[in-house]
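S.K.: Coordinates in protein.txt, compact mmCIF, C-alpha atoms, are listed below.
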```
# COMPACT_ATOMS: atom_id res chain seq x y z
CA ILE A 1 151.97 80.89 67.14
CA ASP A 2 148.92 81.90 69.23
CA ASN A 3 150.32 79.85 72.15
CA ASP A 4 146.88 78.26 72.65
CA VAL A 5 148.00 74.61 72.79
CA ALA A 6 146.84 72.90 75.98
CA PHE A 7 149.24 71.59 78.66
CA ILE A 8 152.58 72.76 77.24
CA ASP A 9 154.62 75.67 78.56
CA LYS A 10 154.85 77.43 75.21
CA SER A 11 154.17 76.60 71.56
CA PHE A 12 156.91 76.83 68.94
CA GLY A 13 156.92 80.03 66.91
CA PHE A 14 155.41 82.08 69.70
CA ASP A 15 158.59 83.95 70.66
CA THR A 16 159.30 84.73 67.00
CA ALA A 17 155.76 86.08 66.52
CA VAL A 18 156.04 88.25 69.62
CA GLN A 19 159.35 89.73 68.46
CA ALA A 20 157.96 90.49 65.00
CA ALA A 21 154.81 91.99 66.51
CA ALA A 22 156.82 94.16 68.90
CA SER A 23 158.73 95.62 65.94
CA VAL A 24 155.44 96.53 64.24
CA ILE A 25 154.18 98.14 67.45
CA GLN A 26 157.30 100.30 67.62
CA CYS A 27 156.60 101.52 64.07
CA ALA A 28 153.01 102.35 65.04
CA SER A 29 154.31 104.24 68.05
CA VAL A 30 156.45 106.45 65.81
CA GLU A 31 153.47 107.11 63.53
CA ALA A 32 151.19 108.03 66.43
CA THR A 33 153.81 110.24 68.07
CA ASP A 34 154.53 112.15 64.86
CA ALA A 35 150.87 113.04 64.27
CA HIS A 36 148.79 115.70 66.03
CA ASP A 37 146.31 113.85 68.25
CA GLY A 38 147.74 110.64 66.83
CA ILE A 39 146.18 107.28 67.58
CA GLY A 40 148.11 104.18 66.57
CA ILE A 41 146.23 100.88 66.26
CA VAL A 42 147.95 97.53 65.69
CA LYS A 43 145.88 94.40 65.13
CA LEU A 44 147.67 91.16 65.95
CA MET A 45 146.83 87.50 65.57
CA GLY A 46 144.82 85.86 68.33
CA ARG A 47 141.41 84.55 67.39
CA GLU A 48 140.45 83.19 70.80
CA CYS A 49 143.35 84.10 73.04
CA GLY A 50 145.46 87.19 73.55
CA PHE A 51 148.92 85.81 74.29
CA VAL A 52 150.64 87.39 71.27
CA ALA A 53 149.03 90.79 71.90
CA MET A 54 149.74 90.69 75.64
CA HIS A 55 153.39 89.62 75.34
CA ALA A 56 154.11 91.96 72.42
CA THR A 57 152.65 94.80 74.50
CA LEU A 58 155.03 93.94 77.32
CA ALA A 59 157.97 93.66 74.92
CA ALA A 60 157.28 96.96 73.14
CA GLY A 61 157.01 98.92 76.36
CA ASP A 62 155.08 101.99 75.16
CA VAL A 63 151.57 100.62 74.54
CA ASP A 64 148.72 102.51 76.25
CA ILE A 65 145.90 100.00 75.69
CA CYS A 66 145.88 96.25 75.02
CA LEU A 67 142.59 94.58 74.07
CA ILE A 68 142.32 90.77 74.06
CA PRO A 69 139.48 88.32 73.29
CA GLU A 70 139.18 87.18 76.90
CA VAL A 71 137.97 90.60 78.09
CA SER A 72 135.03 92.50 76.59
CA PHE A 73 135.23 96.29 76.31
CA ASP A 74 132.84 99.21 76.00
CA MET A 75 133.63 101.59 73.14
CA ASP A 76 132.64 104.73 75.06
CA LEU A 77 134.88 103.84 78.01
CA LEU A 78 137.69 102.97 75.60
CA PHE A 79 137.50 106.25 73.68
CA ASP A 80 137.13 108.30 76.84
CA TYR A 81 140.45 106.88 78.00
CA VAL A 82 141.98 107.51 74.56
CA ARG A 83 140.85 111.14 74.91
CA HIS A 84 142.55 111.27 78.31
CA LYS A 85 145.83 109.99 76.80
CA LEU A 86 145.63 112.51 73.94
CA ASP A 87 145.08 115.33 76.46
CA THR A 88 147.95 114.25 78.71
CA LYS A 89 150.61 112.92 76.29
CA GLY A 90 149.42 113.96 72.83
CA ASN A 91 149.04 110.44 71.38
CA CYS A 92 147.72 106.98 72.17
CA LEU A 93 148.86 103.51 71.09
CA ILE A 94 146.40 100.60 71.01
CA VAL A 95 147.18 96.91 70.46
CA VAL A 96 144.18 94.69 69.72
CA ALA A 97 144.00 90.93 69.14
CA GLU A 98 141.93 89.99 66.09
CA GLY A 99 139.39 88.11 68.21
CA ALA A 100 138.72 90.98 70.62
CA GLY A 101 135.42 92.86 70.50
CA GLN A 102 133.64 90.32 68.32
CA GLU A 103 130.44 91.05 70.24
CA TYR A 104 130.19 94.21 68.11
CA PHE A 105 129.67 92.01 65.03
CA GLU A 106 126.93 89.81 66.44
CA GLY A 107 124.83 88.34 63.64
CA LEU A 108 127.45 89.01 60.96
CA ASP A 109 128.58 85.80 59.24
CA LEU A 110 131.51 86.01 56.81
CA GLY A 111 131.75 82.25 56.37
CA THR A 112 134.91 80.21 56.86
CA ASP A 113 138.38 80.22 55.35
CA LEU A 114 140.00 77.28 53.52
CA SER A 115 141.16 75.85 56.86
CA GLY A 116 137.62 75.80 58.20
CA ASN A 117 138.15 78.68 60.61
CA LYS A 118 135.42 81.26 60.98
CA LYS A 119 136.34 84.50 59.21
CA LEU A 120 136.45 87.32 61.72
CA PRO A 121 135.30 90.88 60.95
CA ASP A 122 138.07 93.47 61.24
CA ILE A 123 137.98 94.82 64.80
CA GLY A 124 140.92 97.13 64.09
CA GLN A 125 139.12 98.87 61.25
CA LEU A 126 135.98 99.16 63.38
CA ILE A 127 137.90 100.86 66.21
CA LYS A 128 139.53 103.22 63.70
CA ASP A 129 136.21 104.24 62.15
CA ARG A 130 134.37 104.57 65.44
CA ALA A 131 137.19 106.57 67.02
CA LYS A 132 136.94 109.23 64.33
CA ASP A 133 133.15 109.37 64.65
CA TRP A 134 133.23 109.44 68.48
CA PHE A 135 135.68 112.33 68.72
CA LYS A 136 133.87 114.32 66.05
CA LYS A 137 130.46 113.76 67.62
CA ASN A 138 131.35 114.19 71.29
CA HIS A 139 134.23 116.67 71.19
CA GLN A 140 134.18 118.27 67.72
CA ARG A 141 137.74 117.06 67.44
CA SER A 142 139.64 115.51 64.54
CA VAL A 143 142.05 112.70 65.35
CA ASN A 144 144.73 111.16 63.16
CA VAL A 145 144.37 107.37 63.28
CA ARG A 146 147.16 105.15 61.95
CA TYR A 147 145.99 101.54 61.58
CA ILE A 148 148.49 98.74 60.95
CA ASP A 149 147.50 95.12 60.29
CA PRO A 150 150.76 93.17 59.87
CA SER A 151 148.87 89.90 59.32
CA TYR A 152 151.20 87.35 57.70
CA GLN A 153 154.25 89.51 58.37
CA VAL A 154 154.15 88.29 61.97
CA ARG A 155 154.14 84.59 61.12
CA SER A 156 156.24 84.54 57.95
CA VAL A 157 159.49 85.94 59.36
CA PRO A 158 162.52 83.67 59.93
CA THR A 159 162.51 82.06 63.37
CA ILE A 160 164.65 83.56 66.11
CA ALA A 161 167.37 81.41 67.67
CA SER A 162 165.35 80.15 70.66
CA ASP A 163 162.51 78.93 68.42
CA SER A 164 164.95 77.22 66.04
CA ILE A 165 166.52 75.31 68.92
CA TYR A 166 163.11 74.48 70.39
CA CYS A 167 161.76 73.12 67.08
CA SER A 168 164.89 71.03 66.53
CA ALA A 169 164.52 69.47 69.99
CA LEU A 170 160.80 68.81 69.43
CA GLY A 171 161.53 67.07 66.11
CA SER A 172 164.24 64.87 67.64
CA ASN A 173 162.00 63.85 70.52
CA VAL A 174 159.08 62.99 68.21
CA VAL A 175 161.34 60.78 66.08
CA HIS A 176 162.53 58.95 69.20
CA GLY A 177 158.93 58.41 70.26
CA ALA A 178 157.93 57.08 66.84
CA MET A 179 160.89 54.68 66.83
CA THR A 180 159.63 53.18 70.09
CA GLY A 181 156.26 52.46 68.46
CA LEU A 182 154.20 55.40 69.76
CA THR A 183 151.52 56.87 67.50
CA GLY A 184 148.91 59.64 67.72
CA PHE A 185 151.11 61.84 69.87
CA SER A 186 153.03 65.08 69.78
CA CYS A 187 155.74 66.58 71.92
CA GLY A 188 156.01 69.70 74.02
CA LYS A 189 157.64 71.17 77.07
CA ILE A 190 155.81 70.76 80.38
CA ASN A 191 157.51 72.37 83.38
CA ASP A 192 160.62 72.74 81.19
CA ARG A 193 160.78 68.99 80.42
CA TYR A 194 159.96 67.43 77.06
CA ALA A 195 156.92 65.18 77.23
CA TYR A 196 154.83 63.04 74.87
CA ILE A 197 151.18 64.11 74.77
CA PRO A 198 148.25 62.49 72.91
CA ILE A 199 147.26 64.80 70.07
CA ASP A 200 143.56 64.63 70.98
CA GLU A 201 144.37 65.80 74.50
CA MET A 202 146.47 68.70 73.24
CA CYS A 203 143.65 69.99 71.04
CA ASP A 204 141.00 70.09 73.77
CA PRO A 205 140.54 72.18 75.82
CA LYS A 206 142.04 75.34 74.32
CA ARG A 207 144.32 77.50 76.36
CA THR A 208 143.43 81.15 76.95
CA VAL A 209 144.77 84.04 79.03
CA ARG A 210 143.67 83.75 82.64
CA ILE A 211 141.97 86.97 83.67
CA ASP A 212 142.64 87.16 87.39
CA SER A 213 145.10 88.57 89.89
CA GLN A 214 147.02 85.27 90.01
CA ASN A 215 148.16 85.59 86.40
CA ARG A 216 151.35 87.59 86.77
CA MET A 217 151.81 88.24 83.05
CA TYR A 218 148.31 89.66 82.72
CA MET A 219 148.77 91.82 85.82
CA ARG A 220 152.14 93.04 84.52
CA MET A 221 150.49 94.04 81.27
CA LEU A 222 147.80 96.02 83.10
CA ARG A 223 150.39 97.69 85.30
CA GLN A 224 152.63 98.57 82.37
CA THR A 225 149.89 100.05 80.18
CA GLY A 226 148.07 101.65 83.12
CA GLN A 227 144.75 101.02 81.40
CA PRO A 228 141.54 101.02 83.46
CA ASN A 229 138.65 98.56 83.27
CA PHE A 230 136.90 99.01 79.89
CA GLN A 231 134.10 96.55 80.60
CA LYS A 232 130.58 97.94 80.60
CA GLY A 233 129.80 99.06 84.12
CA GLY A 234 133.48 99.03 85.01
CA GLY A 235 133.60 102.81 84.97
CA GLY A 236 137.36 103.06 85.17
CA ASP A 237 138.48 106.59 86.01
CA PRO A 238 141.05 107.65 83.36
CA ALA A 239 142.91 109.88 85.80
CA ALA A 240 143.15 107.06 88.33
CA ALA A 241 144.83 104.83 85.76
CA ASP A 242 147.81 107.20 85.60
```
The structure given in the file should be rewritten as structure tokens.
M.R.:
Amino acid sequence: IDNDVAFIDKSFGFDTAVQAAASVIQCASVEATDAHDGIGIVKLMGRECGFVAMHATLAAGDVDICLIPEVSFDMDLLFDYVRHKLDTKGNCLIVVAEGAGQEYFEGLDLGTDLSGNKKLPDIGQLIKDRAKDWFKKNHQRSVNVRYIDPSYQVRSVPTIASDSIYCSALGSNVVHGAMTGLTGFSCGKINDRYAYIPIDEMCDPKRTVRIDSQNRMYMRMLRQTGQPNFQKGGGGDPAAAD
């Protein structure tokens, strides 16, 4: 569901995950709006790429900040912008992919899960804790942080119609390929056409969000949230972002 499979237009389950994630974001928005100086944080799946977080942010429509693994961020710059949003609109909504900000856990090894994947420290919880400390230390201000980690809720929901149709077509095409004698392959859409792809080729290299002005989805996300550059030395002016 992370949409990180090489070559293909889109992986199956991605649209379903985005829709489920967008629903969670809308709940977090209500929680943040209802609280005085409310900060809503939603952590979404995305160990090495931020497609789910980016597309769910676009779908939800009211996210102020989206943090993805492909772009590092400075906590002070982040919280200074959160302060700006609290001062101007009374609340702030943050979406963060689980793989974002892992540089803050350098040297921490939690081992691997049963699938062999490295266990990631909880970046959402870290942002929640540090936000409270930062506002208390720098502004003698108490903030109400609502943290939601939907985890398996995003990937365990029934598929939406487009994913059901897509999976059915993928299965039919794979069976046809196997009946012709092909092995070691999978199927996916490339430029809206179904194609057979060697499994080894699909697994390497991994696909990530392109961070440049030519990636229209990424630029749309930045324009919609209005967030500045949170990278160290970026020095984004909060007022300029509005």
S.K.: Do you have the CA of Ser72 (chain A)-CA of Gln102 (chain A) distance handy?
M.R.: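 Interatomic distance, CA of Ser72 (chain A) to CA of Gln102 (chain A): 8.7 Å.
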S.K.: Under the rule of at most 6 Å, produce a per-residue listing of region 86-202 of chain A near region 27-45 of chain A: chain, number, name, the closest pair of atoms, and the distance in Å, as JSON lines, using only C-alpha atoms.
M.R.:
```
{"residue": "A:Leu86", "atom": "CA", "partner": "A:Asp37", "partner_atom": "CA", "distance": 5.9}
{"residue": "A:Gly90", "atom": "CA", "partner": "A:Asp37", "partner_atom": "CA", "distance": 5.5}
{"residue": "A:Asn91", "atom": "CA", "partner": "A:Gly38", "partner_atom": "CA", "distance": 4.7}
{"residue": "A:Cys92", "atom": "CA", "partner": "A:Ile39", "partner_atom": "CA", "distance": 4.9}
{"residue": "A:Leu93", "atom": "CA", "partner": "A:Gly40", "partner_atom": "CA", "distance": 4.6}
{"residue": "A:Ile94", "atom": "CA", "partner": "A:Ile41", "partner_atom": "CA", "distance": 4.8}
{"residue": "A:Val95", "atom": "CA", "partner": "A:Val42", "partner_atom": "CA", "distance": 4.9}
{"residue": "A:Val96", "atom": "CA", "partner": "A:Lys43", "partner_atom": "CA", "distance": 4.9}
{"residue": "A:Ala97", "atom": "CA", "partner": "A:Leu44", "partner_atom": "CA", "distance": 4.9}
{"residue": "A:Glu98", "atom": "CA", "partner": "A:Met45", "partner_atom": "CA", "distance": 5.5}
{"residue": "A:Gly124", "atom": "CA", "partner": "A:Lys43", "partner_atom": "CA", "distance": 5.8}
{"residue": "A:Val143", "atom": "CA", "partner": "A:Asp37", "partner_atom": "CA", "distance": 5.3}
{"residue": "A:Asn144", "atom": "CA", "partner": "A:Gly38", "partner_atom": "CA", "distance": 4.8}
{"residue": "A:Val145", "atom": "CA", "partner": "A:Ile39", "partner_atom": "CA", "distance": 4.7}
{"residue": "A:Arg146", "atom": "CA", "partner": "A:Gly40", "partner_atom": "CA", "distance": 4.8}
{"residue": "A:Tyr147", "atom": "CA", "partner": "A:Ile41", "partner_atom": "CA", "distance": 4.7}
{"residue": "A:Ile148", "atom": "CA", "partner": "A:Val42", "partner_atom": "CA", "distance": 4.9}
{"residue": "A:Asp149", "atom": "CA", "partner": "A:Lys43", "partner_atom": "CA", "distance": 5.2}
```
S.K.: Enter the distance from CA of Ala6 (chain A) to CA of Leu108 (chain A), in Å, rounded to one decimal.
M.R.: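 Atom-to-atom, CA of Ala6 (chain A) and CA of Leu108 (chain A) are spaced 29.3 Å apart.
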S.K.: Take CA of Phe79 (chain A) and CA of Ala131 (chain A) and report the distance between them in Å, one decimal.
M.R.: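 Interatomic distance, CA of Phe79 (chain A) to CA of Ala131 (chain A): 6.7 Å.
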S.K.: Can you pull out the residues contacting region 155-170 of chain A? Cut-off 7 Å, using all atoms listed in the file, and skip same-chain residues under 6 positions away; I want them as a list in words.
M.R.: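 Listed by chain and then number, they are Phe12, Gly13, Asp15, Thr16, Ala17, Cys187 and Gly188 of chain A.
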S.K.: Selected residues, C-alpha atoms, written as a PDB file, in the frame of the given file, please.
M.R.:
```pdb
ATOM      1  CA  PHE A  12     156.910  76.830  68.940  1.00  0.00           C
ATOM      2  CA  GLY A  13     156.920  80.030  66.910  1.00  0.00           C
ATOM      3  CA  ASP A  15     158.590  83.950  70.660  1.00  0.00           C
ATOM      4  CA  THR A  16     159.300  84.730  67.000  1.00  0.00           C
ATOM      5  CA  ALA A  17     155.760  86.080  66.520  1.00  0.00           C
ATOM      6  CA  CYS A 187     155.740  66.580  71.920  1.00  0.00           C
ATOM      7  CA  GLY A 188     156.010  69.700  74.020  1.00  0.00           C
TER       8      GLY A 188
END
```
S.K.: With distances taken over only C-alpha atoms, which of A:Leu58, A:Leu110, A:Ile127, A:Pro150 is nearest to Ala20 (chain A)?
M.R.: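 Smallest distance to Ala20 (chain A) is found for A:Pro150.
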S.K.: I want to know what sits within 10 Å of Asp109 (chain A), based on all atoms listed in the file, with residues of the same chain fewer than 2 positions away left out; could you give that as a list in words?
M.R.: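 Contacts, in chain order: Phe105, Glu106, Gly107, Gly111, Thr112, Lys118, Lys119, Leu120 and Pro121 of chain A.
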S.K.: With a distance cut-off of 10 Å and all atoms listed in the file, select the neighbouring residues of Gly184 (chain A), excluding the residue or stretch itself and same-chain residues fewer than 4 positions from it, and output the selection as a ChimeraX atom specification.
M.R.: /A:178,196-200
S.K.: Counting only C-alpha atoms, which residues have an atom no more than 9 Å from (154.1, 101.5, 79.8) in the file's coordinates? Please list them as a list in words.
M.R.: Thr57, Leu58, Ala60, Gly61, Asp62, Val63, Asp64, Met221, Leu222, Arg223, Gln224, Thr225 and Gly226 of chain A
S.K.: Which residue, A:Cys66, A:Leu114, A:Ala100, A:Met179, has the smallest gap to Leu126 (chain A) when you use all atoms listed in the file?
M.R.: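 For Leu126 (chain A), the nearest of the candidates is A:Ala100.
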S.K.: Go through A:Ala56, A:Tyr194, A:Gln153, A:Thr208 one by one, measure the shortest atom-to-atom distance of each to Gly171 (chain A) using all atoms listed in the file, and give the residue with the smallest value.
M.R.: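 Closest candidate: A:Tyr194.
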S.K.: Return as AutoDock Vina command-line options the centre and edge lengths, in Å with one decimal, of the box along x, y and z that encloses every atom of region 41-55 of chain A in the file, padded by 8 Å per side.
M.R.:
```
--center_x 146.9 --center_y 92.0 --center_z 70.4 --size_x 28.9 --size_y 33.7 --size_z 26.5
```
S.K.: Return the single residue from A:Ser151, A:Thr88, A:Gln214, A:Asn229 that is closest to Met75 (chain A), with distances computed using all atoms listed in the file.
M.R.: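 Selected residue with least distance to Met75 (chain A): A:Asn229.
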S.K.: Here is a test: counting all atoms listed in the file, which residue of A:Ser172, A:Gln227, A:Ser186, A:Gln125 is nearest to Cys203 (chain A)?
M.R.: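 Looking only at the distances to Cys203 (chain A), the closest residue turns out to be A:Ser186.
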S.K.: So, with all atoms listed in the file as the atoms that count, which of A:Leu78, A:Ala195, A:Phe51, A:Asp87 lies closest to Val174 (chain A)?
M.R.: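 Closest residue, counting all atoms listed in the file: A:Ala195.
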